[in-house]
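For reference, upload37.tsv is printed below; it contains TSV, C-alpha atoms.
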chain	number	residue	atom	x	y	z
A	1	MET	CA	-212.61	328.28	87.40
A	2	ARG	CA	-215.14	325.50	86.89
A	3	LYS	CA	-215.80	322.84	89.50
A	4	ILE	CA	-216.64	319.59	87.71
A	5	VAL	CA	-217.87	316.33	89.22
A	6	HIS	CA	-218.01	313.13	87.21
A	7	VAL	CA	-220.28	310.52	88.77
A	8	ASP	CA	-220.10	306.89	87.63
A	9	MET	CA	-222.31	304.19	89.11
A	10	ASP	CA	-220.48	301.05	90.25
A	11	ALA	CA	-221.08	297.97	88.05
A	12	PHE	CA	-224.50	299.46	87.45
A	13	TYR	CA	-226.51	296.67	85.77
A	14	ALA	CA	-225.00	293.97	87.97
A	15	ALA	CA	-225.48	296.10	91.09
A	16	VAL	CA	-229.19	296.54	90.31
A	17	GLU	CA	-229.52	292.76	89.91
A	18	GLN	CA	-227.74	292.11	93.23
A	19	ARG	CA	-229.86	294.73	94.98
A	20	ASP	CA	-233.12	293.22	93.71
A	21	GLU	CA	-232.19	289.55	94.16
A	22	PRO	CA	-230.64	288.67	97.56
A	23	ARG	CA	-229.24	285.33	96.33
A	24	LEU	CA	-226.92	287.21	93.97
A	25	ARG	CA	-225.27	289.33	96.63
A	26	GLY	CA	-221.61	288.55	97.19
A	27	ARG	CA	-221.62	286.22	94.17
A	28	PRO	CA	-219.87	286.59	90.78
A	29	VAL	CA	-222.62	287.97	88.53
A	30	ALA	CA	-222.59	289.02	84.89
A	31	VAL	CA	-225.42	290.65	82.97
A	32	GLY	CA	-225.62	289.69	79.32
A	33	GLY	CA	-226.57	287.18	76.68
A	34	GLY	CA	-226.62	283.53	77.68
A	35	SER	CA	-225.94	282.01	74.27
A	36	GLU	CA	-222.52	280.94	73.08
A	37	ARG	CA	-222.38	284.13	71.03
A	38	GLY	CA	-223.59	286.37	73.85
A	39	VAL	CA	-221.39	288.97	75.50
A	40	VAL	CA	-221.06	290.34	79.00
A	41	MET	CA	-222.65	293.78	79.38
A	42	THR	CA	-221.30	294.34	82.87
A	43	ALA	CA	-219.92	292.24	85.71
A	44	SER	CA	-220.08	292.51	89.47
A	45	TYR	CA	-216.87	293.21	91.34
A	46	GLU	CA	-216.88	289.61	92.57
A	47	ALA	CA	-216.78	288.50	88.91
A	48	ARG	CA	-214.16	291.07	87.94
A	49	ARG	CA	-211.69	289.36	90.25
A	50	PHE	CA	-211.67	286.52	87.69
A	51	GLY	CA	-210.81	288.95	84.88
A	52	ILE	CA	-214.37	289.16	83.58
A	53	HIS	CA	-215.21	292.47	81.92
A	54	SER	CA	-217.76	294.07	79.61
A	55	ALA	CA	-217.76	292.95	75.96
A	56	MET	CA	-216.17	289.61	76.91
A	57	PRO	CA	-217.88	286.64	75.23
A	58	THR	CA	-219.99	284.81	77.79
A	59	ALA	CA	-218.42	281.50	76.80
A	60	VAL	CA	-214.99	282.90	77.73
A	61	ALA	CA	-216.37	284.37	80.95
A	62	ARG	CA	-217.80	281.02	82.02
A	63	ARG	CA	-214.47	279.33	81.45
A	64	ALA	CA	-212.73	281.99	83.54
A	65	CYS	CA	-215.27	281.58	86.34
A	66	PRO	CA	-217.31	278.35	86.34
A	67	GLU	CA	-219.36	279.68	89.27
A	68	LEU	CA	-220.42	282.75	87.29
A	69	ILE	CA	-224.13	283.55	87.50
A	70	LEU	CA	-225.31	284.97	84.19
A	71	VAL	CA	-228.56	286.93	84.25
A	72	PRO	CA	-230.45	288.48	81.31
A	73	PRO	CA	-230.68	292.28	81.24
A	74	ARG	CA	-233.75	294.06	82.65
A	75	PHE	CA	-233.60	297.45	80.97
A	76	ALA	CA	-236.79	298.72	82.60
A	77	ALA	CA	-235.19	298.26	86.04
A	78	TYR	CA	-231.98	300.01	84.92
A	79	HIS	CA	-233.89	302.96	83.46
A	80	GLU	CA	-235.90	303.27	86.67
A	81	ALA	CA	-232.75	303.32	88.81
A	82	SER	CA	-231.09	305.75	86.41
A	83	ALA	CA	-234.03	308.15	86.67
A	84	LEU	CA	-233.65	308.20	90.45
A	85	VAL	CA	-229.92	308.86	90.15
A	86	HIS	CA	-230.48	311.77	87.79
A	87	GLU	CA	-233.10	313.21	90.12
A	88	VAL	CA	-230.37	313.38	92.75
A	89	PHE	CA	-228.05	315.18	90.33
A	90	ARG	CA	-230.62	317.87	89.65
A	91	ARG	CA	-231.12	318.58	93.33
A	92	PHE	CA	-227.63	320.03	93.28
A	93	THR	CA	-227.28	321.56	89.79
A	94	ASP	CA	-229.14	322.05	86.54
A	95	LEU	CA	-225.85	321.69	84.64
A	96	VAL	CA	-225.95	317.91	84.15
A	97	GLU	CA	-224.53	316.27	81.02
A	98	PRO	CA	-225.59	312.61	80.86
A	99	LEU	CA	-223.11	310.27	79.20
A	100	ALA	CA	-225.08	307.06	79.76
A	101	LEU	CA	-227.66	305.63	82.14
A	102	ASP	CA	-224.99	305.28	84.80
A	103	GLU	CA	-222.73	308.31	84.47
A	104	ALA	CA	-222.78	312.07	84.00
A	105	PHE	CA	-220.76	315.25	84.27
A	106	LEU	CA	-222.01	317.91	86.70
A	107	ASP	CA	-220.92	321.54	86.90
A	108	VAL	CA	-221.21	322.45	90.60
A	109	THR	CA	-219.37	325.77	90.46
A	110	GLU	CA	-222.53	327.36	91.89
A	111	PRO	CA	-224.52	324.50	93.43
A	112	LYS	CA	-228.23	324.81	94.18
A	113	ARG	CA	-227.63	323.33	97.65
A	114	GLY	CA	-224.84	323.50	100.19
A	115	PRO	CA	-221.55	325.39	100.15
A	116	PRO	CA	-219.66	325.97	96.86
A	117	SER	CA	-217.37	323.01	97.53
A	118	ALA	CA	-217.25	320.40	94.80
A	119	THR	CA	-215.85	317.86	97.26
A	120	LEU	CA	-218.72	318.32	99.72
A	121	VAL	CA	-221.27	318.26	96.89
A	122	ALA	CA	-219.82	315.02	95.52
A	123	ARG	CA	-220.01	313.42	98.98
A	124	ALA	CA	-223.61	314.54	99.37
A	125	ILE	CA	-224.55	313.23	95.92
A	126	LYS	CA	-223.03	309.83	96.66
A	127	ALA	CA	-224.87	309.65	99.99
A	128	GLU	CA	-228.24	310.60	98.49
A	129	ILE	CA	-227.85	308.15	95.60
A	130	HIS	CA	-227.26	305.37	98.10
A	131	ALA	CA	-230.19	306.48	100.26
A	132	ASP	CA	-232.59	306.64	97.30
A	133	THR	CA	-231.44	303.59	95.31
A	134	ARG	CA	-229.36	301.40	97.66
A	135	LEU	CA	-226.62	301.57	95.01
A	136	THR	CA	-223.13	303.00	95.23
A	137	ALA	CA	-221.43	305.49	92.94
A	138	SER	CA	-217.87	306.68	92.51
A	139	ALA	CA	-217.02	310.32	91.83
A	140	GLY	CA	-214.12	312.36	90.53
A	141	VAL	CA	-213.70	316.07	91.28
A	142	ALA	CA	-211.52	318.43	89.24
A	143	ASN	CA	-211.51	321.71	87.35
A	144	GLY	CA	-211.98	319.95	83.97
A	145	LYS	CA	-213.98	317.10	82.49
A	146	PHE	CA	-211.05	314.89	81.48
A	147	VAL	CA	-209.39	314.79	84.89
A	148	ALA	CA	-212.74	314.42	86.69
A	149	LYS	CA	-213.67	311.39	84.57
A	150	VAL	CA	-210.32	309.67	85.02
A	151	ALA	CA	-210.43	310.40	88.75
A	152	SER	CA	-213.88	308.84	89.19
A	153	GLY	CA	-212.51	305.45	88.16
A	154	MET	CA	-209.49	305.42	90.46
A	155	ARG	CA	-211.06	304.22	93.71
A	156	LYS	CA	-213.97	302.07	92.64
A	157	PRO	CA	-216.28	300.95	94.07
A	158	ASP	CA	-217.84	303.68	96.23
A	159	GLY	CA	-214.82	305.94	95.77
A	160	LEU	CA	-214.18	309.66	95.73
A	161	THR	CA	-211.04	311.15	94.19
A	162	VAL	CA	-210.36	314.89	94.31
A	163	VAL	CA	-207.70	316.48	92.09
A	164	THR	CA	-207.09	320.11	93.00
A	165	PRO	CA	-206.00	322.62	90.33
A	166	ASP	CA	-202.45	322.58	91.71
A	167	GLU	CA	-202.35	318.78	91.42
A	168	VAL	CA	-203.63	318.57	87.82
A	169	PRO	CA	-200.25	318.89	86.00
A	170	ALA	CA	-198.61	316.08	87.98
A	171	PHE	CA	-201.78	313.97	87.79
A	172	VAL	CA	-201.95	314.21	83.98
A	173	ALA	CA	-198.19	313.79	83.56
A	174	ALA	CA	-198.32	310.38	85.28
A	175	LEU	CA	-201.23	308.99	83.26
A	176	PRO	CA	-200.56	306.32	80.64
A	177	ILE	CA	-201.36	307.58	77.17
A	178	GLU	CA	-204.10	304.93	76.84
A	179	ALA	CA	-206.09	306.81	79.52
A	180	PHE	CA	-206.54	309.86	77.27
A	181	PHE	CA	-209.80	310.44	75.40
A	182	GLY	CA	-209.59	309.37	71.76
A	183	VAL	CA	-206.58	307.09	72.22
A	184	GLY	CA	-207.53	303.57	71.20
A	185	PRO	CA	-205.17	300.68	70.48
A	186	ARG	CA	-204.14	301.88	67.00
A	187	THR	CA	-203.61	305.49	68.09
A	188	ALA	CA	-201.63	304.25	71.07
A	189	GLU	CA	-199.34	302.31	68.71
A	190	ARG	CA	-198.64	305.46	66.70
A	191	LEU	CA	-197.91	307.42	69.87
A	192	HIS	CA	-195.65	304.67	71.23
A	193	ALA	CA	-193.69	304.87	67.98
A	194	LEU	CA	-192.96	308.50	68.88
A	195	GLY	CA	-191.81	307.50	72.37
A	196	ILE	CA	-195.02	308.74	74.00
A	197	ARG	CA	-196.22	306.53	76.82
A	198	THR	CA	-197.37	309.04	79.46
A	199	GLY	CA	-198.86	312.50	79.67
A	200	ALA	CA	-195.43	313.89	80.45
A	201	ASP	CA	-194.09	312.51	77.17
A	202	LEU	CA	-196.64	314.57	75.24
A	203	LEU	CA	-194.96	317.77	76.34
A	204	ARG	CA	-191.53	316.58	75.17
A	205	VAL	CA	-192.40	315.41	71.66
A	206	ASP	CA	-192.12	317.58	68.56
A	207	GLN	CA	-195.59	319.03	67.89
A	208	GLU	CA	-195.37	318.62	64.12
A	209	ARG	CA	-194.54	314.93	64.47
A	210	LEU	CA	-197.42	314.52	66.91
A	211	HIS	CA	-199.84	316.19	64.50
A	212	ALA	CA	-198.58	314.05	61.64
A	213	ALA	CA	-199.24	310.93	63.72
A	214	VAL	CA	-202.73	311.67	65.14
A	215	GLY	CA	-204.04	314.70	63.27
A	216	LYS	CA	-206.33	317.16	65.02
A	217	LEU	CA	-206.43	314.95	68.13
A	218	SER	CA	-202.95	316.33	68.85
A	219	ARG	CA	-204.42	319.71	69.91
A	220	PHE	CA	-206.64	318.13	72.53
A	221	LEU	CA	-203.86	315.89	73.84
A	222	LEU	CA	-201.48	318.81	74.21
A	223	ASP	CA	-204.06	321.00	75.92
A	224	VAL	CA	-204.92	318.30	78.44
A	225	ALA	CA	-201.25	317.52	79.04
A	226	ARG	CA	-200.80	321.19	79.95
A	227	GLY	CA	-203.76	321.02	82.34
A	228	VAL	CA	-206.07	322.98	80.02
A	229	ASP	CA	-209.62	321.64	79.60
A	230	GLU	CA	-212.16	324.39	78.96
A	231	ARG	CA	-214.97	322.16	77.71
A	232	PRO	CA	-218.22	323.13	79.44
A	233	VAL	CA	-220.82	320.76	80.83
A	234	VAL	CA	-223.56	320.73	78.18
A	235	PRO	CA	-226.91	319.91	79.80
A	236	ASP	CA	-228.96	319.86	76.58
A	237	ARG	CA	-226.77	317.45	74.70
A	238	GLN	CA	-228.79	316.19	71.75
A	239	ARG	CA	-228.98	312.46	71.28
A	240	LYS	CA	-227.88	311.45	67.78
A	241	SER	CA	-229.33	307.95	67.50
A	242	ILE	CA	-231.27	305.21	69.24
A	243	GLY	CA	-230.73	301.57	68.40
A	244	ALA	CA	-230.47	297.95	69.45
A	245	GLU	CA	-229.07	294.78	67.93
A	246	ARG	CA	-229.03	291.08	68.68
A	247	THR	CA	-226.52	288.31	67.90
A	248	PHE	CA	-228.29	284.99	67.40
A	249	ALA	CA	-227.36	281.72	69.06
A	250	ARG	CA	-227.37	280.16	65.58
A	251	ASP	CA	-227.46	281.68	62.10
A	252	LEU	CA	-230.98	282.40	60.80
A	253	ASP	CA	-232.18	282.62	57.21
A	254	ARG	CA	-235.90	281.80	57.20
A	255	ARG	CA	-238.44	284.60	57.48
A	256	GLU	CA	-240.46	282.83	60.18
A	257	ALA	CA	-237.33	282.71	62.36
A	258	LEU	CA	-236.25	286.30	61.65
A	259	GLU	CA	-239.64	287.96	62.17
A	260	PRO	CA	-239.88	287.44	65.95
A	261	GLU	CA	-236.26	288.51	66.40
A	262	LEU	CA	-236.85	291.72	64.43
A	263	SER	CA	-240.04	292.37	66.39
A	264	ALA	CA	-238.22	292.04	69.72
A	265	ILE	CA	-235.48	294.43	68.59
A	266	CYS	CA	-238.05	296.98	67.39
A	267	GLU	CA	-239.86	296.75	70.74
A	268	VAL	CA	-236.66	297.80	72.51
A	269	VAL	CA	-235.91	300.60	70.03
A	270	GLY	CA	-239.49	301.88	70.02
A	271	ARG	CA	-239.68	301.87	73.81
A	272	ARG	CA	-236.48	303.90	74.03
A	273	LEU	CA	-237.79	306.36	71.43
A	274	VAL	CA	-241.08	306.89	73.26
A	275	ARG	CA	-239.42	307.12	76.68
A	276	ALA	CA	-237.05	309.80	75.37
A	277	ARG	CA	-240.05	311.70	73.90
A	278	LEU	CA	-238.38	311.82	70.51
A	279	ALA	CA	-239.29	311.16	66.89
A	280	ALA	CA	-236.93	309.90	64.17
A	281	ARG	CA	-236.54	310.84	60.53
A	282	THR	CA	-234.47	307.83	59.40
A	283	VAL	CA	-234.51	304.12	60.21
A	284	THR	CA	-231.51	301.91	59.46
A	285	LEU	CA	-231.37	298.13	59.34
A	286	LYS	CA	-228.06	296.34	59.94
A	287	VAL	CA	-227.44	292.70	59.11
A	288	LYS	CA	-224.29	290.67	59.66
A	289	TYR	CA	-223.73	287.43	57.77
A	290	ARG	CA	-222.01	284.27	58.97
A	291	ASP	CA	-218.84	285.39	57.18
A	292	PHE	CA	-219.00	288.70	59.13
A	293	ARG	CA	-219.97	290.82	56.12
A	294	VAL	CA	-222.16	293.73	57.24
A	295	VAL	CA	-224.85	295.29	55.07
A	296	THR	CA	-227.00	298.28	56.03
A	297	ARG	CA	-230.22	299.57	54.50
A	298	SER	CA	-231.77	302.94	55.39
A	299	SER	CA	-235.05	304.67	54.70
A	300	THR	CA	-236.39	308.15	55.46
A	301	PRO	CA	-240.20	307.88	55.64
A	302	PRO	CA	-242.39	310.79	54.56
A	303	THR	CA	-243.67	310.98	58.14
A	304	PRO	CA	-241.12	310.76	61.00
A	305	LEU	CA	-241.38	307.69	63.23
A	306	GLY	CA	-242.77	308.08	66.73
A	307	THR	CA	-244.17	304.70	67.80
A	308	THR	CA	-243.00	301.11	68.12
A	309	GLN	CA	-245.45	299.98	65.46
A	310	GLU	CA	-244.09	302.50	62.97
A	311	VAL	CA	-240.53	301.41	63.68
A	312	ARG	CA	-241.50	297.77	63.21
A	313	SER	CA	-243.32	298.42	59.91
A	314	TRP	CA	-240.40	300.21	58.28
A	315	ALA	CA	-237.77	297.82	59.66
A	316	ASP	CA	-239.86	294.91	58.34
A	317	ALA	CA	-239.90	296.50	54.89
A	318	LEU	CA	-236.14	297.02	54.96
A	319	LEU	CA	-235.45	293.41	55.94
A	320	PHE	CA	-237.98	291.55	53.82
A	321	THR	CA	-238.75	293.85	50.87
A	322	THR	CA	-235.53	295.72	50.10
A	323	PRO	CA	-233.05	293.59	48.11
A	324	ARG	CA	-229.99	292.35	50.00
A	325	PRO	CA	-227.45	289.58	49.42
A	326	PRO	CA	-228.77	286.09	50.26
A	327	GLY	CA	-227.39	284.14	53.18
A	328	ALA	CA	-227.91	283.25	56.81
A	329	LEU	CA	-227.65	286.04	59.37
A	330	ARG	CA	-225.75	285.99	62.67
A	331	LEU	CA	-226.78	289.50	63.78
A	332	LEU	CA	-229.67	291.88	63.23
A	333	GLY	CA	-229.88	295.51	64.32
A	334	VAL	CA	-232.21	298.51	64.01
A	335	SER	CA	-231.28	302.14	64.66
A	336	LEU	CA	-233.05	305.49	64.38
A	337	SER	CA	-231.43	308.81	63.55
A	338	GLY	CA	-232.43	312.34	62.72
A	339	LEU	CA	-233.98	312.64	66.18
A	340	PHE	CA	-236.05	315.61	67.31
A	341	PRO	CA	-238.71	316.35	70.01
A	342	ALA	CA	-241.81	314.23	69.44
A	343	HIS	CA	-244.23	317.13	70.00
A	344	ARG	CA	-242.98	318.69	66.74
A	345	ARG	CA	-243.96	315.64	64.70
A	346	ILE	CA	-246.70	316.13	62.07
A	347	VAL	CA	-248.38	312.82	61.31
A	348	GLN	CA	-249.20	311.99	57.68
A	349	PRO	CA	-249.61	308.20	57.62
A	350	ARG	CA	-248.24	306.30	54.63
A	351	LEU	CA	-247.11	302.76	54.04
A	352	PRO	CA	-243.40	301.92	53.82
A	353	PHE	CA	-242.00	302.11	50.30
A	354	ASP	CA	-238.97	303.07	48.26
A	355	ALA	CA	-236.39	302.23	50.93
A	356	ARG	CA	-233.04	303.76	50.11
A	357	GLU	CA	-230.24	301.24	49.62
A	358	ASP	CA	-226.87	302.02	51.11
A	359	ASP	CA	-223.72	300.47	49.74
A	360	PRO	CA	-222.87	297.26	51.59
A	361	HIS	CA	-219.58	297.26	53.42
A	362	ASP	CA	-217.44	294.61	54.97
A	363	ALA	CA	-216.87	294.51	58.71
A	364	THR	CA	-213.66	293.34	60.24
Before we go any further, please render this structure as structure tokens.
Amino acid sequence: MRKIVHVDMDAFYAAVEQRDEPRLRGRPVAVGGGSERGVVMTASYEARRFGIHSAMPTAVARRACPELILVPPRFAAYHEASALVHEVFRRFTDLVEPLALDEAFLDVTEPKRGPPSATLVARAIKAEIHADTRLTASAGVANGKFVAKVASGMRKPDGLTVVTPDEVPAFVAALPIEAFFGVGPRTAERLHALGIRTGADLLRVDQERLHAAVGKLSRFLLDVARGVDERPVVPDRQRKSIGAERTFARDLDRREALEPELSAICEVVGRRLVRARLAARTVTLKVKYRDFRVVTRSSTPPTPLGTTQEVRSWADALLFTTPRPPGALRLLGVSLSGLFPAHRRIVQPRLPFDAREDDPHDAT
């Protein structure tokens, strides 16, 4: 039987800001864009008391909490703190599956240090994270990834929730269906129509009706409802894409206004690519118009991209050379895909040309 720990840092970006700037401690803080179109990336627990949460427009957040302190993100500081956190993880196990900068699954069935007790390992990890970073983390302990992840969020901040194998059936039965992986608002509506509102309801519904409503997701939901979650921790999980985007304070249509914005986005994307020691086969440009139409353009260069300058050159060609509908833009984004280890890249320099045009599509 596996022993899984899910570790989730507490209000990570905001916590780093409060740690590094004493005046922010104990104050409602949000990290995110400061323009009227900006959004909250994360909020301190002091801000969350006002209902402020990630993805909330900053204008709405400021109305909810006039005393809110909004700070711009410092990704270098977050990456540095994340690296320290992951160093702690690997002191205890090599089976670490990162989900983001601030969370990961760990298989501690046979830990590198200490007794084979997932609870004791989780406590030790939390203590060492705090000692090394002055940040707090919450952890969930279970025999499967789903229950461990749900458990880690139950006693935030600085919490530890342990669900023993005997407790898993009752734990899952009491969960609202919205807590299950893959169940978003629309899926939840379809499940509600079948009378499914909790994990216990999943075991009472007709399986054919469930499959008709949610397709192959039904198998996973039923397995988890029965307490079955055999998914392993995958330490070498391959990253599928790297990207960044920016929503402008006002719509932009002139090249001289768009060029510095594109350059800043490419700097972020290129830095992430280099830091991850990856190269990319395909670059994709995303633009959103003032009427919320979204158009993407992609290109696969003859030589994979491995530097910020290369990313910028091809993104520039996609934005200013490849035909696209006219109009002012409210958002610009750049992403890289087809990722592989940078040391395998063979460099054959060529100039950007013949960008492939994808069909435009509307966003809602």
Under the rule of at most 10 Å, produce a per-residue listing of region 66-135 of chain A near region 11-22 of chain A: chain, number, name, the closest pair of atoms, and the distance in Å, as JSON lines, using all atoms listed in the file.
{"residue": "A:Leu70", "atom": "CA", "partner": "A:Ala14", "partner_atom": "CA", "distance": 9.8}
{"residue": "A:Val71", "atom": "CA", "partner": "A:Glu17", "partner_atom": "CA", "distance": 8.2}
{"residue": "A:Pro72", "atom": "CA", "partner": "A:Glu17", "partner_atom": "CA", "distance": 9.7}
{"residue": "A:Pro73", "atom": "CA", "partner": "A:Tyr13", "partner_atom": "CA", "distance": 7.6}
{"residue": "A:Arg74", "atom": "CA", "partner": "A:Tyr13", "partner_atom": "CA", "distance": 8.3}
{"residue": "A:Phe75", "atom": "CA", "partner": "A:Tyr13", "partner_atom": "CA", "distance": 8.6}
{"residue": "A:Ala77", "atom": "CA", "partner": "A:Val16", "partner_atom": "CA", "distance": 7.6}
{"residue": "A:Tyr78", "atom": "CA", "partner": "A:Tyr13", "partner_atom": "CA", "distance": 6.5}
{"residue": "A:His79", "atom": "CA", "partner": "A:Tyr13", "partner_atom": "CA", "distance": 10.0}
{"residue": "A:Ala81", "atom": "CA", "partner": "A:Val16", "partner_atom": "CA", "distance": 7.8}
{"residue": "A:Ser82", "atom": "CA", "partner": "A:Phe12", "partner_atom": "CA", "distance": 9.2}
{"residue": "A:Leu101", "atom": "CA", "partner": "A:Phe12", "partner_atom": "CA", "distance": 8.7}
{"residue": "A:Asp102", "atom": "CA", "partner": "A:Phe12", "partner_atom": "CA", "distance": 6.4}
{"residue": "A:Glu103", "atom": "CA", "partner": "A:Phe12", "partner_atom": "CA", "distance": 9.5}
{"residue": "A:Thr133", "atom": "CA", "partner": "A:Val16", "partner_atom": "CA", "distance": 8.9}
{"residue": "A:Arg134", "atom": "CA", "partner": "A:Arg19", "partner_atom": "CA", "distance": 7.2}
{"residue": "A:Leu135", "atom": "CA", "partner": "A:Ala15", "partner_atom": "CA", "distance": 6.8}
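Once Arg312 (chain A) and its same-chain neighbours fewer than 3 positions away are set aside, Leu262, Ser263, Cys266, Glu267, Thr308, Gln309, Ala315 and Asp316 of chain A remain within 8 Å of it when counting only C-alpha atoms.
If you count only C-alpha atoms and ignore residues fewer than 5 places along the chain from region 198-211 of chain A, what sits within 8 Å of it is Val172, Ala173, Ala174, Leu175, Pro176, Ile177, Leu191, Lys216, Leu217, Ser218, Arg219, Leu221, Leu222, Ala225 and Arg226 of chain A.
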So which residues touch region 48-56 of chain A within 12 Å, counting all atoms listed in the file, skipping near sequence neighbours fewer than 2 positions away, as a PDB file with C-alpha atoms, in the coordinates of the input?
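Result went into around_39.pdb, see below:
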ATOM      1  CA  ALA A  11    -221.080 297.970  88.050  1.00  0.00           C
ATOM      2  CA  PHE A  12    -224.500 299.460  87.450  1.00  0.00           C
ATOM      3  CA  TYR A  13    -226.510 296.670  85.770  1.00  0.00           C
ATOM      4  CA  ALA A  14    -225.000 293.970  87.970  1.00  0.00           C
ATOM      5  CA  ARG A  27    -221.620 286.220  94.170  1.00  0.00           C
ATOM      6  CA  PRO A  28    -219.870 286.590  90.780  1.00  0.00           C
ATOM      7  CA  VAL A  29    -222.620 287.970  88.530  1.00  0.00           C
ATOM      8  CA  ALA A  30    -222.590 289.020  84.890  1.00  0.00           C
ATOM      9  CA  VAL A  31    -225.420 290.650  82.970  1.00  0.00           C
ATOM     10  CA  GLY A  32    -225.620 289.690  79.320  1.00  0.00           C
ATOM     11  CA  GLY A  33    -226.570 287.180  76.680  1.00  0.00           C
ATOM     12  CA  GLU A  36    -222.520 280.940  73.080  1.00  0.00           C
ATOM     13  CA  ARG A  37    -222.380 284.130  71.030  1.00  0.00           C
ATOM     14  CA  GLY A  38    -223.590 286.370  73.850  1.00  0.00           C
ATOM     15  CA  VAL A  39    -221.390 288.970  75.500  1.00  0.00           C
ATOM     16  CA  VAL A  40    -221.060 290.340  79.000  1.00  0.00           C
ATOM     17  CA  MET A  41    -222.650 293.780  79.380  1.00  0.00           C
ATOM     18  CA  THR A  42    -221.300 294.340  82.870  1.00  0.00           C
ATOM     19  CA  ALA A  43    -219.920 292.240  85.710  1.00  0.00           C
ATOM     20  CA  SER A  44    -220.080 292.510  89.470  1.00  0.00           C
ATOM     21  CA  TYR A  45    -216.870 293.210  91.340  1.00  0.00           C
ATOM     22  CA  GLU A  46    -216.880 289.610  92.570  1.00  0.00           C
ATOM     23  CA  THR A  58    -219.990 284.810  77.790  1.00  0.00           C
ATOM     24  CA  ALA A  59    -218.420 281.500  76.800  1.00  0.00           C
ATOM     25  CA  VAL A  60    -214.990 282.900  77.730  1.00  0.00           C
ATOM     26  CA  ALA A  61    -216.370 284.370  80.950  1.00  0.00           C
ATOM     27  CA  ARG A  62    -217.800 281.020  82.020  1.00  0.00           C
ATOM     28  CA  ARG A  63    -214.470 279.330  81.450  1.00  0.00           C
ATOM     29  CA  ALA A  64    -212.730 281.990  83.540  1.00  0.00           C
ATOM     30  CA  CYS A  65    -215.270 281.580  86.340  1.00  0.00           C
ATOM     31  CA  PRO A  66    -217.310 278.350  86.340  1.00  0.00           C
ATOM     32  CA  GLU A  67    -219.360 279.680  89.270  1.00  0.00           C
ATOM     33  CA  LEU A  68    -220.420 282.750  87.290  1.00  0.00           C
ATOM     34  CA  ILE A  69    -224.130 283.550  87.500  1.00  0.00           C
ATOM     35  CA  LEU A  70    -225.310 284.970  84.190  1.00  0.00           C
ATOM     36  CA  LYS A 156    -213.970 302.070  92.640  1.00  0.00           C
ATOM     37  CA  PRO A 157    -216.280 300.950  94.070  1.00  0.00           C
TER      38      PRO A 157
END
### Query
Quick one: residues within 9 Å of Val7 (chain A), only C-alpha atoms counted, chain neighbours fewer than 6 positions away excluded, as a list of chain:residue names?
A:Asp102, A:Glu103, A:Ala104, A:Phe105, A:Leu106, A:Ala122, A:Ile125, A:Lys126, A:Ala137, A:Ser138, A:Ala139, A:Gly140, A:Val141, A:Ala148, A:Lys149, A:Ser152
### Summary
CA of Met9 (chain A) sits from CA of Asn143 (chain A) at a separation of 20.7 Å
### Message
The residues within 7 Å of (-238.1, 314.2, 63.9), using all atoms listed in the file and the coordinates of the file, should be reported as a list of chain:residue names; which are they?
### Response
A:Ala279, A:Ala280, A:Arg281, A:Pro304, A:Gly338, A:Leu339, A:Phe340, A:Pro341, A:Ala342, A:Arg345
### Message
When you look at Ser241 (chain A) with a cut-off of 12 Å (counting all atoms listed in the file), what residues show up, excluding the ones that are within fewer than 2 positions of it in the same chain? I need them as an MDAnalysis selection string.
### Response
chainID A and resid 238:239 243:244 269 272:273 276 278:284 334:340
